[in-house]
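One structure is given here, and the rest of the page talks about it.
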Amino acid sequence: MKSLTELYRCGMGPSSSHTIAPENAARAFLSEHGGLDEYKVILYGSLAKTGKGHMTDKVIARTFGNFPVAVEFNTDKKDLPHPNTFDIIGYSGGAEAAKWRVSSIGGGAYKVKGKKSSSPDVYPHKNFREIADYCEQNNIRLCEYAEKFDVPDIRNYIREVWAVMQDAIARGLAADGVLDGGLNVKRKAKTLYETNNVFEDGMTRENRLVCAFAFAVGEENASCGKIVTAPTCGAAGVLPAVLYYYKNKYHYTDDKIIDALLTAGVIGNVVKTNGSISGAECGCQAEIGTACSMAAAALGELFGMNINQIEYAAEVALEHHLGLTCDPIKGLVQIPCIERNAVAAMRAINAVNLANFLTDSRKISYDMVVATMYKTGKDMSRIYRETAEGGLAKAYVSTDDIGGE
Ligand code: SF4
């Protein structure tokens with residue numbers, strides 16, 4: 001498993017696979033092959049089908065800056081190594097001088113065909129069972145495990161991650177207006193934050209505020225604001241929403257929040273290593289399901305739960321997202337994505353509440369649900385994996401017909 005610096009990435013939305021990874025790959029390509037006459041980037045698969053809505057072409061043009069670059073959308077090519085594949089080609093004197101075939105594998109990570117990954121595995125264990133056994137044998141918590149094996153300054157890195165998460169919430173709560181893209185989606189975080197429910201009690205207030213925080217990050221992401229992949233851009237609101245609400249409610253210190261983020265990171269890393277965090281590969285269960293699982297584990301850490309309870313909470317959170325499709329309307333990370341962050345944040349809290357009572361009777365391990373999620377994703381029809389060809393994307397006519405989202 002790789003460092004949590006590879007899981008939590010600070011960057012511009014709206015999509016880790018469609019914007020952060022192409023941007024980073026283009027930058028790396030230019031550092032090796034800068035100064036050529038011209039460049040071409042060809043997007044395939046899901047990148048080609050939803051790249052316009054996700055603004056992939058704009059990010060690539062911005063990254064190439066003054067270098068001339070053409071971006072092509074090729075929706076016909078089959079037999080791709082990954083549903084999110086693209087070529088970066090450099091030309092000199094009219095001839096091809098350099099070419100990378102790149103797979104955007106989720107959460108902003110990418111692989112270049114024929115090149116060795118530059119990021120080493122830093123964790124010695126491969127799945128949750130191995131990690132849990134190690135923690136129990138050494139009497140340490142999951143956050144201590146992460147600190148023991150990750151890069152030396154991981155705590156400071158996570159401190160910065162938390163700062164970016166909080167900034168995104170603050171910006172999102174202050175913003176008004178309509179999101180770009182043509183769906184006429186109004187920002188709702190501010191309204192949710194400022195307006196009481198008709199029957200506001202402790203529970204409905206908690207739900208409203210958690211949702212406001214999740215909407216805030218989701219709306220910032222949709223408008224190309226700076227967010228943290230957790231584990232992706234599309235699902236970036238779930239974890240910060242839950243942590244921000246409970247930090248304010250119980251006044252947890254930043255150090256305690258960092259422990260929770262480290263714990264959530266271990267959970268996300270298990271999915272990334274043994275399953276997938278890519279909507280194009282396994283549907284939204286891989287993005288929002290994993291985010292919900294991470295948020296449940298983080299909350300378990302804040303509440304001082306033991307490792308079995310944290311595992312149960314994370315497992316419940318992912319189990320009840322199994323089969324969730326990725327069907328963003330117009331390829332924009334807006335509907336269903338933003339609202340889905342809020343629903344998953346509430347579900348994470350419920351999973352932790354259940355873990356308080358039901359952990360001893362559980363039958364499903366975290367590793368089992370991760371493997372099942374991956375298999376389910378592979379079995380899922382291609383139209384439900386970030387192609388905008390099925391589900392809501394297909395059913396959508398106009399928000400004006402139904403009075404809104
Ligand atoms: S539907 Fe889910 S997986 Fe698909 S783009 Fe939206 S958040 Fe990501």
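Residue numbering restarts at 1 in every chain; chains get A, B, ... in the order shown in the structure tokens, and ligands count up from 1 in that same order.
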Dump as a Markdown table the rows for residues of region 85-174 of chain A within 10 Å of region 59-72 of chain A: closest atom pair and distance in Å with one decimal, only C-alpha atoms counted, ordered by chain and rising residue number.
| residue | atom | partner | partner_atom | distance |
| --- | --- | --- | --- | --- |
| A:Phe86 | CA | A:Glu72 | CA | 9.7 |
| A:Asp87 | CA | A:Glu72 | CA | 9.8 |
| A:Ile88 | CA | A:Val71 | CA | 9.4 |
| A:Ile89 | CA | A:Val69 | CA | 9.4 |
| A:Gly90 | CA | A:Val69 | CA | 9.0 |
Hey, can you spit out that residue selection with C-alpha atoms as a short mmCIF file (atom, residue, chain, number, x, y, z; two decimals), in the first residue's frame?
data_model
loop_
_atom_site.label_atom_id
_atom_site.label_comp_id
_atom_site.auth_asym_id
_atom_site.auth_seq_id
_atom_site.Cartn_x
_atom_site.Cartn_y
_atom_site.Cartn_z
CA PHE A 86 -5.42 8.83 -22.63
CA ASP A 87 -2.42 9.35 -24.87
CA ILE A 88 -0.05 12.30 -24.64
CA ILE A 89 1.96 12.75 -27.81
CA GLY A 90 4.71 15.24 -28.60
#
Environment of ligand 1 within 10 Å, counting only C-alpha atoms and all ligand atoms, reported as a ChimeraX atom specification: /A:14-18,50,54,218,232-237,277-289,291,324-329,331-341,384-388,392-393
Would you pick out the contacts of Ser361 (chain A) at 12 Å or less, using only C-alpha atoms, so that residues sharing its chain but fewer than 4 positions from it are not included, and give the list as a ChimeraX atom specification? /A:308-309,312,354-357,365
List the neighbours of Met1 (chain A) out to 8 Å using only C-alpha atoms; skip same-chain residues closer than 6 positions along the sequence, and give me the result as a ChimeraX atom specification. /A:121-126,269-270,273
Export, as a PDB file, in the first residue's frame, the selected residues with N, CA and C atoms.
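Output contents, as saved in selection.pdb:
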ATOM      1  N   ASP A 121       5.522   1.300  -2.384  1.00  0.00           N
ATOM      2  CA  ASP A 121       4.644   0.860  -1.301  1.00  0.00           C
ATOM      3  C   ASP A 121       5.362   1.142   0.014  1.00  0.00           C
ATOM      4  N   VAL A 122       4.658   1.767   0.932  1.00  0.00           N
ATOM      5  CA  VAL A 122       5.294   2.049   2.232  1.00  0.00           C
ATOM      6  C   VAL A 122       4.709   1.192   3.354  1.00  0.00           C
ATOM      7  N   TYR A 123       3.570   0.599   3.109  1.00  0.00           N
ATOM      8  CA  TYR A 123       2.953  -0.253   4.144  1.00  0.00           C
ATOM      9  C   TYR A 123       3.262  -1.717   3.842  1.00  0.00           C
ATOM     10  N   PRO A 124       3.605  -2.498   4.861  1.00  0.00           N
ATOM     11  CA  PRO A 124       3.961  -3.896   4.613  1.00  0.00           C
ATOM     12  C   PRO A 124       2.751  -4.826   4.484  1.00  0.00           C
ATOM     13  N   HIS A 125       1.560  -4.341   4.833  1.00  0.00           N
ATOM     14  CA  HIS A 125       0.385  -5.221   4.851  1.00  0.00           C
ATOM     15  C   HIS A 125      -0.520  -4.934   3.665  1.00  0.00           C
ATOM     16  N   LYS A 126      -1.277  -5.971   3.283  1.00  0.00           N
ATOM     17  CA  LYS A 126      -2.021  -5.866   2.021  1.00  0.00           C
ATOM     18  C   LYS A 126      -3.513  -5.659   2.196  1.00  0.00           C
ATOM     19  N   ASN A 269      -7.184   3.336   1.787  1.00  0.00           N
ATOM     20  CA  ASN A 269      -6.058   2.644   1.155  1.00  0.00           C
ATOM     21  C   ASN A 269      -6.345   1.159   0.918  1.00  0.00           C
ATOM     22  N   VAL A 270      -7.082   0.554   1.849  1.00  0.00           N
ATOM     23  CA  VAL A 270      -7.445  -0.866   1.681  1.00  0.00           C
ATOM     24  C   VAL A 270      -8.310  -1.026   0.429  1.00  0.00           C
ATOM     25  N   THR A 273      -6.188  -0.422  -2.762  1.00  0.00           N
ATOM     26  CA  THR A 273      -5.234  -1.498  -3.036  1.00  0.00           C
ATOM     27  C   THR A 273      -5.920  -2.789  -3.473  1.00  0.00           C
TER      28      THR A 273
END
Which polymer residues have any atom within 7 Å of an atom of Leu173 (chain A), counting only C-alpha atoms, with same-chain residues fewer than 5 positions away left out, as a PyMOL selection string? chain A and resi 189-190+216
When you look at region 198-203 of chain A with a cut-off of 12 Å (counting only C-alpha atoms), what residues show up, excluding the ones that are within fewer than 5 positions of it in the same chain? I need them as a ChimeraX atom specification. /A:208-210,249,346,349-350
With DSSP run on the backbone, what are the strand (DSSP E) residues within region 72-310 of chain A? I'd like them as a PyMOL selection string. chain A and resi 72-74+85-92+95-106+109-112+226-228
For the residues selected in the previous step, produce a file with C-alpha atoms as a PDB file, in the first residue's frame.
ATOM      1  CA  GLU A  72      -9.232  14.986 -29.052  1.00  0.00           C
ATOM      2  CA  PHE A  73     -12.193  13.000 -27.694  1.00  0.00           C
ATOM      3  CA  ASN A  74     -12.157   9.464 -29.111  1.00  0.00           C
ATOM      4  CA  THR A  85      -7.136   6.034 -20.742  1.00  0.00           C
ATOM      5  CA  PHE A  86      -5.424   8.832 -22.625  1.00  0.00           C
ATOM      6  CA  ASP A  87      -2.416   9.352 -24.872  1.00  0.00           C
ATOM      7  CA  ILE A  88      -0.054  12.301 -24.645  1.00  0.00           C
ATOM      8  CA  ILE A  89       1.956  12.754 -27.813  1.00  0.00           C
ATOM      9  CA  GLY A  90       4.714  15.245 -28.599  1.00  0.00           C
ATOM     10  CA  TYR A  91       5.750  16.128 -32.172  1.00  0.00           C
ATOM     11  CA  SER A  92       8.956  17.518 -33.573  1.00  0.00           C
ATOM     12  CA  ALA A  95       7.015  13.510 -36.635  1.00  0.00           C
ATOM     13  CA  GLU A  96       6.033  11.833 -33.381  1.00  0.00           C
ATOM     14  CA  ALA A  97       8.864  12.399 -30.897  1.00  0.00           C
ATOM     15  CA  ALA A  98       7.423  11.039 -27.647  1.00  0.00           C
ATOM     16  CA  LYS A  99       4.268   9.231 -26.578  1.00  0.00           C
ATOM     17  CA  TRP A 100       2.836   8.161 -23.237  1.00  0.00           C
ATOM     18  CA  ARG A 101      -0.202   5.912 -22.863  1.00  0.00           C
ATOM     19  CA  VAL A 102      -1.661   6.864 -19.491  1.00  0.00           C
ATOM     20  CA  SER A 103      -4.321   5.217 -17.315  1.00  0.00           C
ATOM     21  CA  SER A 104      -6.070   7.494 -14.822  1.00  0.00           C
ATOM     22  CA  ILE A 105      -6.714   4.894 -12.150  1.00  0.00           C
ATOM     23  CA  GLY A 106      -8.765   6.894  -9.634  1.00  0.00           C
ATOM     24  CA  ALA A 109      -3.352   8.613  -9.478  1.00  0.00           C
ATOM     25  CA  TYR A 110      -2.129   7.544 -12.915  1.00  0.00           C
ATOM     26  CA  LYS A 111       0.054   4.889 -14.519  1.00  0.00           C
ATOM     27  CA  VAL A 112       2.168   5.296 -17.650  1.00  0.00           C
ATOM     28  CA  LYS A 226      -9.540  23.558  -4.290  1.00  0.00           C
ATOM     29  CA  ILE A 227     -10.544  20.403  -2.427  1.00  0.00           C
ATOM     30  CA  VAL A 228      -8.966  17.188  -1.137  1.00  0.00           C
TER      31      VAL A 228
END
Please, which residues of region 305-356 of chain A, numbered as in this document, come out alpha helix (DSSP H) from DSSP, as number ranges by chain? A: 307-319, 337-356
Show me, as a tab-separated table, the residues of region 271-308 of chain A having an atom within 12 Å of region 128-145 of chain A, each with the closest atom pair and its distance in Å, using only C-alpha atoms.
residue	atom	partner	partner_atom	distance
A:Val271	CA	A:Phe128	CA	9.3
A:Lys272	CA	A:Phe128	CA	11.8
A:Thr273	CA	A:Phe128	CA	10.4
A:Asn274	CA	A:Phe128	CA	9.7
A:Ala297	CA	A:Leu142	CA	9.6
A:Ala298	CA	A:Cys143	CA	9.5
A:Gly300	CA	A:Leu142	CA	10.7
A:Glu301	CA	A:Cys143	CA	8.2
A:Leu302	CA	A:Cys143	CA	10.8
A:Gly304	CA	A:Arg141	CA	9.7
A:Met305	CA	A:Arg141	CA	9.7
A:Asn306	CA	A:Arg141	CA	7.9
A:Ile307	CA	A:Ala132	CA	7.1
A:Asn308	CA	A:Ala132	CA	8.4
Selection near Met165 (chain A), 12 Å with only C-alpha atoms, sequence-local residues under 6 positions removed, as a VMD selection string: chain A and resid 8 to 11 158 to 159 171 to 172 213 to 214 216 to 218 220 to 221 225 to 230 233 236 to 244 257 to 258 261
Could you check which of A:Val164, A:Phe215, A:Leu299, A:Arg205 is closest to Tyr246 (chain A), using only C-alpha atoms?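 Closest to Tyr246 (chain A) of all the choices is A:Leu299.
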Top pick for closest residue to Ile154 (chain A), considering A:Asp360, A:Asp79, A:Glu219, A:Asp259 and counting only C-alpha atoms: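 For Ile154 (chain A), the nearest of the given residues is A:Asp259.
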Counting only C-alpha atoms, closest pick from A:Ile364, A:Ala351, A:Ala342, A:Leu179 relative to Ala313 (chain A) is A:Ala351
In Å, rounded to a single decimal, give me how far CA of Pro152 (chain A) is from CA of Asp255 (chain A).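 A separation of 16.2 Å between them.
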Work out how far apart CA of Met55 (chain A) and CA of Gly391 (chain A) are and give it in Å to one decimal. 21.4 Å
